[in-house]
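Heads up, upload_37.cif below (mmCIF, C-alpha atoms and all ligand atoms):
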data_start
#
loop_
_atom_site.group_PDB
_atom_site.id
_atom_site.type_symbol
_atom_site.label_atom_id
_atom_site.label_comp_id
_atom_site.auth_asym_id
_atom_site.auth_seq_id
_atom_site.Cartn_x
_atom_site.Cartn_y
_atom_site.Cartn_z
ATOM 1 C CA MET J 1408 48.507 161.537 152.516
ATOM 2 C CA PRO J 1409 51.852 160.249 153.799
ATOM 3 C CA LEU J 1410 54.454 158.495 151.732
ATOM 4 C CA TYR J 1411 54.751 154.878 152.878
ATOM 5 C CA ILE J 1412 58.163 153.271 152.665
ATOM 6 C CA VAL J 1413 58.316 149.495 152.664
ATOM 7 C CA GLY J 1414 60.768 146.705 151.880
ATOM 8 C CA HIS J 1415 60.206 143.184 150.575
ATOM 9 C CA SER J 1416 58.028 140.462 152.128
ATOM 10 C CA ILE J 1417 59.670 138.345 154.835
ATOM 11 C CA PRO J 1418 61.733 141.414 155.683
ATOM 12 C CA ASP J 1419 65.442 141.249 156.443
ATOM 13 C CA SER J 1420 67.507 143.920 158.174
ATOM 14 C CA ASP J 1421 68.106 145.830 154.920
ATOM 15 C CA SER J 1422 64.349 146.066 154.244
ATOM 16 C CA ILE J 1423 63.486 147.091 157.815
ATOM 17 C CA ILE J 1424 66.337 149.552 158.286
ATOM 18 C CA GLY J 1425 66.023 150.865 154.725
ATOM 19 C CA ALA J 1426 62.399 151.815 155.460
ATOM 20 C CA ILE J 1427 63.444 153.581 158.672
ATOM 21 C CA SER J 1428 66.453 155.418 157.227
ATOM 22 C CA LEU J 1429 64.720 156.459 154.001
ATOM 23 C CA ALA J 1430 61.653 157.681 155.955
ATOM 24 C CA TYR J 1431 63.992 159.806 158.069
ATOM 25 C CA LEU J 1432 65.606 161.265 154.934
ATOM 26 C CA LYS J 1433 62.247 161.988 153.273
ATOM 27 C CA ASN J 1434 60.929 163.656 156.451
ATOM 28 C CA SER J 1435 64.096 165.782 156.590
ATOM 29 C CA LEU J 1436 63.324 166.877 153.032
ATOM 30 C CA GLY J 1437 59.825 167.978 154.107
ATOM 31 C CA ILE J 1438 57.960 164.941 152.781
ATOM 32 C CA GLU J 1439 55.779 163.253 155.394
ATOM 33 C CA ALA J 1440 56.964 159.649 155.307
ATOM 34 C CA VAL J 1441 56.105 156.567 157.362
ATOM 35 C CA SER J 1442 58.273 153.441 157.528
ATOM 36 C CA CYS J 1443 56.409 150.137 157.217
ATOM 37 C CA LYS J 1444 57.079 146.428 157.000
ATOM 38 C CA GLN J 1445 55.198 143.589 155.326
ATOM 39 C CA GLY J 1446 55.727 141.009 158.060
ATOM 40 C CA ASP J 1447 57.437 140.161 161.326
ATOM 41 C CA ILE J 1448 61.055 141.137 161.866
ATOM 42 C CA ASN J 1449 63.717 138.440 162.219
ATOM 43 C CA PRO J 1450 65.925 137.934 165.305
ATOM 44 C CA GLU J 1451 68.870 139.781 163.727
ATOM 45 C CA SER J 1452 66.783 142.883 162.981
ATOM 46 C CA ARG J 1453 65.292 142.770 166.481
ATOM 47 C CA TYR J 1454 68.819 142.647 167.942
ATOM 48 C CA ILE J 1455 69.945 145.663 165.886
ATOM 49 C CA LEU J 1456 66.852 147.777 166.577
ATOM 50 C CA GLU J 1457 66.919 147.043 170.317
ATOM 51 C CA LYS J 1458 70.641 147.734 170.559
ATOM 52 C CA PHE J 1459 70.247 151.204 169.098
ATOM 53 C CA GLY J 1460 66.865 152.092 170.629
ATOM 54 C CA PHE J 1461 64.468 151.770 167.690
ATOM 55 C CA SER J 1462 61.001 150.227 167.537
ATOM 56 C CA PRO J 1463 60.101 148.141 164.483
ATOM 57 C CA PRO J 1464 58.148 149.918 161.709
ATOM 58 C CA LYS J 1465 54.403 149.291 161.670
ATOM 59 C CA THR J 1466 53.084 146.351 159.675
ATOM 60 C CA LYS J 1467 51.119 147.351 156.598
ATOM 61 C CA THR J 1468 50.351 144.965 153.755
ATOM 62 C CA SER J 1469 47.847 146.909 151.606
ATOM 63 C CA TYR J 1470 48.806 150.042 149.639
ATOM 64 C CA ALA J 1471 46.065 150.568 147.014
ATOM 65 C CA ASN J 1472 45.733 154.267 146.094
ATOM 66 C CA GLU J 1473 48.551 155.270 148.448
ATOM 67 C CA ASP J 1474 51.942 156.806 147.782
ATOM 68 C CA VAL J 1475 54.692 154.226 148.211
ATOM 69 C CA PHE J 1476 58.455 153.997 147.994
ATOM 70 C CA ILE J 1477 59.791 150.432 147.665
ATOM 71 C CA VAL J 1478 63.088 149.386 149.217
ATOM 72 C CA ASP J 1479 65.264 146.323 148.507
ATOM 73 C CA THR J 1480 63.254 144.707 145.687
ATOM 74 C CA THR J 1481 61.498 145.350 142.382
ATOM 75 C CA ASP J 1482 60.067 141.813 142.130
ATOM 76 C CA LEU J 1483 56.269 141.612 142.162
ATOM 77 C CA THR J 1484 56.381 138.313 144.072
ATOM 78 C CA LEU J 1485 58.068 140.180 146.963
ATOM 79 C CA CYS J 1486 56.016 143.417 146.791
ATOM 80 C CA PRO J 1487 52.670 143.946 148.564
ATOM 81 C CA ASP J 1488 49.840 142.123 146.722
ATOM 82 C CA ASP J 1489 48.072 145.313 145.603
ATOM 83 C CA ILE J 1490 51.221 147.241 144.661
ATOM 84 C CA LEU J 1491 50.023 147.726 141.057
ATOM 85 C CA GLU J 1492 47.068 149.724 142.461
ATOM 86 C CA ALA J 1493 49.423 151.978 144.472
ATOM 87 C CA ASN J 1494 51.276 155.107 143.343
ATOM 88 C CA VAL J 1495 54.861 153.898 143.389
ATOM 89 C CA LEU J 1496 56.867 157.121 143.618
ATOM 90 C CA GLY J 1497 60.257 155.469 143.808
ATOM 91 C CA VAL J 1498 62.468 152.441 144.381
ATOM 92 C CA VAL J 1499 65.826 151.888 146.040
ATOM 93 C CA ASP J 1500 67.311 148.515 145.185
ATOM 94 C CA HIS J 1501 70.433 146.467 144.536
ATOM 95 C CA HIS J 1502 68.966 143.307 142.963
ATOM 96 C CA LYS J 1503 68.338 142.381 139.359
ATOM 97 C CA LEU J 1504 65.608 144.527 137.855
ATOM 98 C CA GLY J 1505 62.280 142.879 138.578
ATOM 99 C CA ASP J 1506 58.830 143.057 137.010
ATOM 100 C CA LEU J 1507 57.332 145.954 138.977
ATOM 101 C CA THR J 1508 55.964 148.619 136.647
ATOM 102 C CA THR J 1509 54.429 152.021 137.369
ATOM 103 C CA SER J 1510 51.866 154.229 135.656
ATOM 104 C CA THR J 1511 53.736 157.465 136.418
ATOM 105 C CA PRO J 1512 57.406 158.501 136.338
ATOM 106 C CA LEU J 1513 59.360 157.426 139.389
ATOM 107 C CA GLU J 1514 62.638 157.928 141.204
ATOM 108 C CA ALA J 1515 64.832 154.877 140.626
ATOM 109 C CA TRP J 1516 67.887 154.522 142.819
ATOM 110 C CA ILE J 1517 69.183 151.167 141.643
ATOM 111 C CA ARG J 1518 72.831 150.140 141.623
ATOM 112 C CA PRO J 1519 74.806 146.883 141.805
ATOM 113 C CA VAL J 1520 76.162 147.398 145.323
ATOM 114 C CA GLY J 1521 75.949 145.111 148.358
ATOM 115 C CA CYS J 1522 73.060 146.737 150.204
ATOM 116 C CA SER J 1523 70.130 149.139 149.748
ATOM 117 C CA ASN J 1524 71.359 151.110 152.758
ATOM 118 C CA THR J 1525 74.599 151.867 150.893
ATOM 119 C CA ILE J 1526 72.462 153.589 148.250
ATOM 120 C CA ILE J 1527 70.436 155.375 150.949
ATOM 121 C CA LYS J 1528 73.713 156.623 152.461
ATOM 122 C CA GLU J 1529 74.538 158.075 149.035
ATOM 123 C CA MET J 1530 71.060 159.668 148.938
ATOM 124 C CA PHE J 1531 71.758 161.412 152.277
ATOM 125 C CA ASP J 1532 74.998 162.738 150.772
ATOM 126 C CA PHE J 1533 73.249 163.760 147.543
ATOM 127 C CA TYR J 1534 70.636 165.790 149.453
ATOM 128 C CA ASP J 1535 73.251 167.026 151.938
ATOM 129 C CA VAL J 1536 71.277 165.781 154.950
ATOM 130 C CA VAL J 1537 73.146 164.957 158.169
ATOM 131 C CA ILE J 1538 72.679 161.347 159.340
ATOM 132 C CA PRO J 1539 71.905 161.107 163.080
ATOM 133 C CA LYS J 1540 74.182 158.865 165.124
ATOM 134 C CA ASP J 1541 71.567 156.158 165.817
ATOM 135 C CA ILE J 1542 70.381 156.006 162.192
ATOM 136 C CA ALA J 1543 74.008 155.749 161.044
ATOM 137 C CA ALA J 1544 74.509 152.809 163.420
ATOM 138 C CA ILE J 1545 71.586 150.760 162.114
ATOM 139 C CA MET J 1546 72.395 151.576 158.471
ATOM 140 C CA MET J 1547 75.920 150.325 159.092
ATOM 141 C CA CYS J 1548 74.490 147.094 160.567
ATOM 142 C CA ALA J 1549 72.277 146.566 157.525
ATOM 143 C CA ILE J 1550 75.309 146.821 155.232
ATOM 144 C CA LEU J 1551 77.320 144.418 157.418
ATOM 145 C CA SER J 1552 74.397 141.986 157.270
ATOM 146 C CA ASP J 1553 73.811 142.104 153.499
ATOM 147 C CA THR J 1554 77.532 141.947 152.656
ATOM 148 C CA VAL J 1555 78.194 139.215 155.263
ATOM 149 C CA ILE J 1556 80.784 141.470 156.915
ATOM 150 C CA PHE J 1557 82.307 142.320 153.479
ATOM 151 C CA LYS J 1558 82.790 138.621 152.579
ATOM 152 C CA SER J 1559 79.975 138.373 150.049
ATOM 153 C CA PRO J 1560 80.944 138.667 146.366
ATOM 154 C CA THR J 1561 78.211 141.327 146.168
ATOM 155 C CA CYS J 1562 80.260 143.643 148.402
ATOM 156 C CA THR J 1563 81.715 146.660 146.589
ATOM 157 C CA LYS J 1564 84.028 149.566 147.458
ATOM 158 C CA ALA J 1565 80.908 151.700 147.877
ATOM 159 C CA ASP J 1566 79.762 149.389 150.702
ATOM 160 C CA THR J 1567 83.062 149.388 152.608
ATOM 161 C CA LYS J 1568 83.275 153.175 152.190
ATOM 162 C CA ALA J 1569 79.715 153.619 153.480
ATOM 163 C CA VAL J 1570 80.434 151.425 156.525
ATOM 164 C CA LYS J 1571 83.604 153.401 157.270
ATOM 165 C CA GLU J 1572 81.756 156.723 157.107
ATOM 166 C CA LEU J 1573 78.706 155.494 159.051
ATOM 167 C CA ALA J 1574 80.925 153.967 161.757
ATOM 168 C CA LEU J 1575 82.609 157.358 162.199
ATOM 169 C CA ILE J 1576 79.237 159.094 162.582
ATOM 170 C CA ALA J 1577 77.951 156.374 164.939
ATOM 171 C CA ASP J 1578 81.177 156.339 166.938
ATOM 172 C CA ILE J 1579 81.599 152.587 166.458
ATOM 173 C CA LEU J 1580 85.258 151.633 166.615
ATOM 174 C CA ASN J 1581 85.063 148.059 165.360
ATOM 175 C CA PRO J 1582 82.282 147.433 162.812
ATOM 176 C CA LYS J 1583 83.488 143.895 162.039
ATOM 177 C CA GLU J 1584 83.193 142.916 165.694
ATOM 178 C CA LEU J 1585 79.613 144.197 165.805
ATOM 179 C CA GLY J 1586 78.957 142.333 162.538
ATOM 180 C CA LEU J 1587 80.122 139.083 164.102
ATOM 181 C CA GLU J 1588 77.811 139.677 167.089
ATOM 182 C CA MET J 1589 74.913 140.002 164.626
ATOM 183 C CA PHE J 1590 75.817 136.743 162.913
ATOM 184 C CA LYS J 1591 76.076 135.003 166.292
ATOM 185 C CA VAL J 1592 72.472 136.062 166.933
ATOM 186 C CA LYS J 1593 71.570 134.649 163.507
ATOM 187 C CA SER J 1594 73.314 131.382 164.385
ATOM 188 C CA GLN J 1595 71.036 130.642 167.341
ATOM 189 C CA VAL J 1596 68.805 128.187 165.520
ATOM 190 C CA GLU J 1597 68.383 125.441 168.102
ATOM 191 C CA GLY J 1598 64.837 125.082 169.376
ATOM 192 C CA THR J 1599 63.339 127.030 166.474
ATOM 193 C CA PRO J 1600 60.585 125.186 164.580
ATOM 194 C CA ILE J 1601 61.858 123.797 161.255
ATOM 195 C CA ARG J 1602 59.348 125.689 159.114
ATOM 196 C CA GLU J 1603 60.172 128.938 160.864
ATOM 197 C CA LEU J 1604 63.847 128.412 160.026
ATOM 198 C CA ILE J 1605 63.162 127.699 156.363
ATOM 199 C CA MET J 1606 60.927 130.769 156.078
ATOM 200 C CA ARG J 1607 63.254 133.117 157.988
ATOM 201 C CA ASP J 1608 64.835 134.478 154.819
ATOM 202 C CA PHE J 1609 62.794 132.961 152.012
ATOM 203 C CA LYS J 1610 62.037 134.325 148.545
ATOM 204 C CA ASP J 1611 59.838 133.014 145.753
ATOM 205 C CA PHE J 1612 61.041 133.630 142.234
ATOM 206 C CA ASN J 1613 59.147 133.515 138.970
ATOM 207 C CA MET J 1614 61.696 131.985 136.601
ATOM 208 C CA SER J 1615 60.160 132.233 133.131
ATOM 209 C CA GLY J 1616 56.866 130.967 134.563
ATOM 210 C CA THR J 1617 58.406 128.369 136.886
ATOM 211 C CA LYS J 1618 57.957 128.996 140.612
ATOM 212 C CA VAL J 1619 61.124 128.420 142.592
ATOM 213 C CA GLY J 1620 61.499 129.200 146.298
ATOM 214 C CA ILE J 1621 64.930 129.834 147.796
ATOM 215 C CA GLY J 1622 65.712 130.254 151.469
ATOM 216 C CA GLN J 1623 69.021 131.081 153.088
ATOM 217 C CA LEU J 1624 70.377 130.774 156.612
ATOM 218 C CA GLU J 1625 73.760 132.355 157.306
ATOM 219 C CA VAL J 1626 75.571 131.085 160.374
ATOM 220 C CA VAL J 1627 79.026 131.266 161.949
ATOM 221 C CA ASP J 1628 79.301 127.462 162.084
ATOM 222 C CA ILE J 1629 77.208 125.203 159.852
ATOM 223 C CA SER J 1630 77.463 122.313 162.321
ATOM 224 C CA VAL J 1631 74.463 123.828 164.159
ATOM 225 C CA PHE J 1632 72.368 122.180 161.427
ATOM 226 C CA ASP J 1633 73.946 118.709 161.732
ATOM 227 C CA LYS J 1634 70.986 117.143 163.495
ATOM 228 C CA MET J 1635 68.359 119.061 161.517
ATOM 229 C CA LYS J 1636 69.200 118.266 157.893
ATOM 230 C CA ASP J 1637 66.771 115.357 157.493
ATOM 231 C CA GLU J 1638 63.905 117.316 159.000
ATOM 232 C CA LEU J 1639 64.759 120.342 156.876
ATOM 233 C CA LEU J 1640 64.782 118.218 153.693
ATOM 234 C CA LYS J 1641 61.456 116.622 154.581
ATOM 235 C CA ASP J 1642 59.802 119.979 155.175
ATOM 236 C CA LEU J 1643 61.293 121.476 151.990
ATOM 237 C CA GLU J 1644 59.356 118.841 150.039
ATOM 238 C CA VAL J 1645 56.148 119.632 151.970
ATOM 239 C CA LEU J 1646 56.652 123.350 151.322
ATOM 240 C CA ARG J 1647 57.318 122.677 147.637
ATOM 241 C CA LYS J 1648 54.032 120.826 147.220
ATOM 242 C CA GLU J 1649 52.026 123.291 149.324
ATOM 243 C CA GLY J 1650 52.995 126.274 147.224
ATOM 244 C CA GLY J 1651 52.817 124.568 143.837
ATOM 245 C CA ARG J 1652 56.520 125.163 143.404
ATOM 246 C CA HIS J 1653 58.764 123.329 140.950
ATOM 247 C CA SER J 1654 61.666 123.463 143.396
ATOM 248 C CA VAL J 1655 62.523 124.682 146.850
ATOM 249 C CA LEU J 1656 66.158 125.287 147.788
ATOM 250 C CA LEU J 1657 67.688 126.092 151.138
ATOM 251 C CA LEU J 1658 71.203 127.490 151.407
ATOM 252 C CA LEU J 1659 72.927 126.782 154.697
ATOM 253 C CA THR J 1660 75.757 129.269 154.505
ATOM 254 C CA ASP J 1661 78.848 128.987 156.674
ATOM 255 C CA ILE J 1662 80.289 132.504 156.797
ATOM 256 C CA MET J 1663 83.657 131.291 158.168
ATOM 257 C CA GLN J 1664 84.168 128.467 155.631
ATOM 258 C CA GLU J 1665 82.738 130.804 152.981
ATOM 259 C CA GLY J 1666 80.492 128.315 151.264
ATOM 260 C CA SER J 1667 76.990 126.886 151.385
ATOM 261 C CA LEU J 1668 75.390 123.490 151.743
ATOM 262 C CA LEU J 1669 72.439 123.437 149.376
ATOM 263 C CA LEU J 1670 69.409 121.377 150.418
ATOM 264 C CA THR J 1671 66.829 120.763 147.718
ATOM 265 C CA ALA J 1672 63.346 119.485 146.999
ATOM 266 C CA SER J 1673 62.508 119.407 143.311
ATOM 267 C CA LEU J 1674 60.234 117.939 140.651
ATOM 268 C CA ASP J 1675 63.371 117.542 138.536
ATOM 269 C CA SER J 1676 66.666 117.401 140.448
ATOM 270 C CA ASP J 1677 68.579 117.106 137.154
ATOM 271 C CA LYS J 1678 67.793 120.771 136.563
ATOM 272 C CA ILE J 1679 69.403 121.775 139.864
ATOM 273 C CA GLU J 1680 72.475 119.656 139.142
ATOM 274 C CA GLU J 1681 72.692 121.171 135.697
ATOM 275 C CA ALA J 1682 72.462 124.701 137.094
ATOM 276 C CA PHE J 1683 75.431 124.207 139.404
ATOM 277 C CA ASP J 1684 77.232 121.629 137.251
ATOM 278 C CA LYS J 1685 77.513 119.320 140.233
ATOM 279 C CA LYS J 1686 75.990 116.035 141.411
ATOM 280 C CA MET J 1687 73.815 115.885 144.510
ATOM 281 C CA GLU J 1688 74.038 113.365 147.294
ATOM 282 C CA ASP J 1689 70.769 112.715 149.132
ATOM 283 C CA SER J 1690 69.342 115.965 147.725
ATOM 284 C CA LYS J 1691 72.302 117.950 149.052
ATOM 285 C CA MET J 1692 75.410 119.544 147.559
ATOM 286 C CA TRP J 1693 78.227 121.658 148.973
ATOM 287 C CA LEU J 1694 78.889 124.808 146.985
ATOM 288 C CA ASP J 1695 82.333 126.128 147.765
ATOM 289 C CA GLY J 1696 82.589 129.919 147.800
ATOM 290 C CA VAL J 1697 78.840 130.401 147.354
ATOM 291 C CA MET J 1698 77.519 133.024 149.772
ATOM 292 C CA SER J 1699 75.129 135.143 147.723
ATOM 293 C CA ARG J 1700 71.670 133.987 146.645
ATOM 294 C CA LYS J 1701 71.196 136.861 144.218
ATOM 295 C CA LYS J 1702 74.600 136.658 142.556
ATOM 296 C CA GLN J 1703 75.652 133.004 142.800
ATOM 297 C CA VAL J 1704 72.389 131.056 142.868
ATOM 298 C CA VAL J 1705 69.458 132.851 141.220
ATOM 299 C CA PRO J 1706 71.167 133.669 137.872
ATOM 300 C CA PHE J 1707 72.228 130.034 137.294
ATOM 301 C CA LEU J 1708 68.749 128.697 138.001
ATOM 302 C CA GLU J 1709 67.099 131.356 135.829
ATOM 303 C CA LYS J 1710 69.316 130.304 132.946
ATOM 304 C CA ILE J 1711 68.227 126.668 133.310
ATOM 305 C CA PHE J 1712 64.512 127.519 133.488
ATOM 306 C CA LYS J 1713 64.616 129.907 130.525
HETATM 307 MN MN MN H 1 66.712 142.027 151.389
HETATM 308 MN MN MN H 2 69.383 144.130 150.473
#

Could I get this file's structure written as structure tokens?
Ligand code: MN
Ligand code: MN
Amino acid sequence: MPLYIVGHSIPDSDSIIGAISLAYLKNSLGIEAVSCKQGDINPESRYILEKFGFSPPKTKTSYANEDVFIVDTTDLTLCPDDILEANVLGVVDHHKLGDLTTSTPLEAWIRPVGCSNTIIKEMFDFYDVVIPKDIAAIMMCAILSDTVIFKSPTCTKADTKAVKELALIADILNPKELGLEMFKVKSQVEGTPIRELIMRDFKDFNMSGTKVGIGQLEVVDISVFDKMKDELLKDLEVLRKEGGRHSVLLLLTDIMQEGSLLLTASLDSDKIEEAFDKKMEDSKMWLDGVMSRKKQVVPFLEKIFK
């Protein structure tokens, strides 16, 4: 029985690449491991995998009675539906501790760094396993993505150190330049259906029993959304109702201005205003300096819904 390694639903580059890199490490340690994903890969991940010659992991959504290692989340809402019937042998994560529980002891590699792949890099070092050039390259890309090229407040010294070391192994002279290429791919939003954009990096949260969905789109220049805001707002409300959510938020993050325009649909907008201590205009507010959903958005909402 192989060990399946899988990241969160609506996978991002950290979840996809974390599954690949951790599967490689486990196989090197003599444990038969298979990387998986819970859904389609996004354009950024496709760009990274193609650039360095990888195929996407296979899609697998059911894990009952199988051995699993979870990457990049410990939230039940983001884990496979039957995860509580699986044997969760371990987790690698850099988010707040979620509500996943296990029936047997597990490996827990959880630290407040900017990316799961930073922790996986430390696991390679811990086990003294050499990282192949191509794996180093994609791990480096995952860290550049999650830390928004080191600009995110979630970025730590461990992340910059990991990128430096991985770039050396991968023979990449200018990681920041490659990071910007990745974000240019992410910025190509024109012509994409509105719902697809909202769902591209979307997470549902259970905030003390209140369901709140938060999406984020990180682009080089936020003006790409100028003509889409009304349509986005309209569909946020549809999505809110469809999923029985109290609120749906969408962060349009400008990585150059280093801030986010927050679009909202909510049963009670006062709560959102209270969370950020700011008034909205037409269901929108600019949040200066806000780049991280997990560090600068989720905690403030959780406090309000407690
Ligand atoms: Mn992630
Ligand atoms: Mn991550």

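Look at region 1506-1512 of chain J: the protein and nucleic acid residues within 8 Å of it, using only C-alpha atoms and passing over chain neighbours fewer than 6 places away, are J:Thr1481, J:Asp1482, J:Leu1483, J:Leu1491, J:Asn1494, J:Val1495, J:Leu1496.
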
Distance in Å - CA of Ser1615 (chain J) versus CA of Arg1652 (chain J): 13.0 Å

Near-Leu1668 (chain J) list (7 Å; only C-alpha atoms; drop same-chain fewer than 4 positions) as number ranges by chain: J: 1658-1660, 1691-1694

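Nearest residue to Phe1707 (chain J) among J:Lys1558, J:Lys1641, J:Lys1678, J:His1415 is J:Lys1678, counting only C-alpha atoms.
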
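You can rank J:Asn1472, J:Gln1623, J:Ser1416, J:Ser1630 by their closest distance to Leu1669 (chain J) using all atoms listed in the file, and at the top of that list sits J:Gln1623.
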
Expected selection as a PyMOL selection string for ligand MN 2 (chain H) within 12 Å, all atoms listed in the file: chain J and resi 1414-1415+1418-1426+1477-1481+1499-1503+1517-1527+1546+1548-1555+1561-1562+1566+1608+1699-1701

Could you list, as a compact mmCIF listing (two decimals) with C-alpha atoms, in the coordinates of the input, every residue within 10 Å of Pro1450 (chain J), counting all atoms listed in the file and ignoring same-chain residues fewer than 4 positions away?
# COMPACT_ATOMS: atom_id res chain seq x y z
CA ASP J 1419 65.44 141.25 156.44
CA SER J 1420 67.51 143.92 158.17
CA TYR J 1454 68.82 142.65 167.94
CA ILE J 1455 69.94 145.66 165.89
CA LEU J 1456 66.85 147.78 166.58
CA MET J 1589 74.91 140.00 164.63
CA VAL J 1592 72.47 136.06 166.93
CA LYS J 1593 71.57 134.65 163.51
CA SER J 1594 73.31 131.38 164.38
CA GLN J 1595 71.04 130.64 167.34
CA ARG J 1607 63.25 133.12 157.99

Expected residue set, 12 Å radius at (73.3, 162.4, 158.5), only C-alpha atoms, as a ChimeraX atom specification: /J:1428-1429,1431-1432,1435,1527-1544,1546,1569,1572-1577

Store the residues picked out above, limited to C-alpha atoms, as a tab-separated table (two decimals), keeping the file's coordinate frame.
chain	number	residue	atom	x	y	z
J	1428	SER	CA	66.45	155.42	157.23
J	1429	LEU	CA	64.72	156.46	154.00
J	1431	TYR	CA	63.99	159.81	158.07
J	1432	LEU	CA	65.61	161.26	154.93
J	1435	SER	CA	64.10	165.78	156.59
J	1527	ILE	CA	70.44	155.38	150.95
J	1528	LYS	CA	73.71	156.62	152.46
J	1529	GLU	CA	74.54	158.07	149.04
J	1530	MET	CA	71.06	159.67	148.94
J	1531	PHE	CA	71.76	161.41	152.28
J	1532	ASP	CA	75.00	162.74	150.77
J	1533	PHE	CA	73.25	163.76	147.54
J	1534	TYR	CA	70.64	165.79	149.45
J	1535	ASP	CA	73.25	167.03	151.94
J	1536	VAL	CA	71.28	165.78	154.95
J	1537	VAL	CA	73.15	164.96	158.17
J	1538	ILE	CA	72.68	161.35	159.34
J	1539	PRO	CA	71.90	161.11	163.08
J	1540	LYS	CA	74.18	158.86	165.12
J	1541	ASP	CA	71.57	156.16	165.82
J	1542	ILE	CA	70.38	156.01	162.19
J	1543	ALA	CA	74.01	155.75	161.04
J	1544	ALA	CA	74.51	152.81	163.42
J	1546	MET	CA	72.40	151.58	158.47
J	1569	ALA	CA	79.72	153.62	153.48
J	1572	GLU	CA	81.76	156.72	157.11
J	1573	LEU	CA	78.71	155.49	159.05
J	1574	ALA	CA	80.92	153.97	161.76
J	1575	LEU	CA	82.61	157.36	162.20
J	1576	ILE	CA	79.24	159.09	162.58
J	1577	ALA	CA	77.95	156.37	164.94

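With distances restricted to only C-alpha atoms and all ligand atoms, J:Lys1610 is the closest residue to ligand MN 1 (chain H) from J:Lys1610, J:Leu1585, J:Asp1578, J:Val1570.
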
Region 1501-1506 of chain J: axis-aligned bounding box, 8 Å on each side, centre and edge lengths in Å, one decimal, as lines of an AutoDock Vina configuration file:
center_x = 64.6
center_y = 144.4
center_z = 140.8
size_x = 27.6
size_y = 20.1
size_z = 23.5

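Residue nearest ligand MN 1 (chain H) within the list J:Lys1433, J:Lys1444, J:Lys1636, J:Arg1602: J:Lys1444 [criterion: smallest interatomic distance, only C-alpha atoms and all ligand atoms].
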
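Reported to one decimal place, the separation of CA of Lys1710 (chain J) from CA of Asp1677 (chain J) is 13.9 Å.
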
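Interatomic distance, CA of Thr1671 (chain J) against CA of Gly1505 (chain J): 24.4 Å.
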
All residues 12 Å or closer to Met1635 (chain J), all atoms listed in the file, same chain fewer than 5 positions away omitted, as a PyMOL selection string: chain J and resi 1596-1602+1604-1605+1629-1630+1640-1642+1659+1670

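Of the listed residues J:Gly1586, J:Pro1463, J:Gly1622, J:Gly1696, the one whose atoms come nearest to ligand MN 1 (chain H) is J:Gly1622, with distances taken using all atoms listed in the file.
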
Selected residue, from J:Val1475, J:Cys1486, J:Leu1657, J:Leu1436, that lies nearest to ligand MN 1 (chain H) when counting all atoms listed in the file: J:Cys1486

When you get a chance, write out N, CA, C and O atoms for region 1496-1504 of chain J, as a compact mmCIF listing (two decimals), in the coordinates of the input.
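Result file part_11.txt:
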# COMPACT_ATOMS: atom_id res chain seq x y z
N LEU J 1496 56.15 155.89 143.93
CA LEU J 1496 56.87 157.12 143.62
C LEU J 1496 58.37 156.87 143.45
O LEU J 1496 59.07 157.72 142.90
N GLY J 1497 58.83 155.73 143.96
CA GLY J 1497 60.26 155.47 143.81
C GLY J 1497 60.67 154.09 144.30
O GLY J 1497 59.90 153.41 145.00
N VAL J 1498 61.88 153.69 143.90
CA VAL J 1498 62.47 152.44 144.38
C VAL J 1498 63.94 152.66 144.71
O VAL J 1498 64.62 153.46 144.05
N VAL J 1499 64.39 151.98 145.74
CA VAL J 1499 65.83 151.89 146.04
C VAL J 1499 66.14 150.41 146.06
O VAL J 1499 65.51 149.65 146.81
N ASP J 1500 67.07 149.96 145.22
CA ASP J 1500 67.31 148.51 145.18
C ASP J 1500 68.70 148.18 144.67
O ASP J 1500 69.36 148.98 144.02
N HIS J 1501 69.12 146.95 144.99
CA HIS J 1501 70.43 146.47 144.54
C HIS J 1501 70.35 145.04 144.01
O HIS J 1501 71.34 144.32 144.03
N HIS J 1502 69.14 144.63 143.57
CA HIS J 1502 68.97 143.31 142.96
C HIS J 1502 68.81 143.46 141.44
O HIS J 1502 68.76 144.57 140.94
N LYS J 1503 68.68 142.34 140.78
CA LYS J 1503 68.34 142.38 139.36
C LYS J 1503 67.02 143.13 139.21
O LYS J 1503 66.19 143.11 140.11
N LEU J 1504 66.85 143.80 138.08
CA LEU J 1504 65.61 144.53 137.85
C LEU J 1504 64.46 143.54 137.77
O LEU J 1504 64.52 142.56 137.03
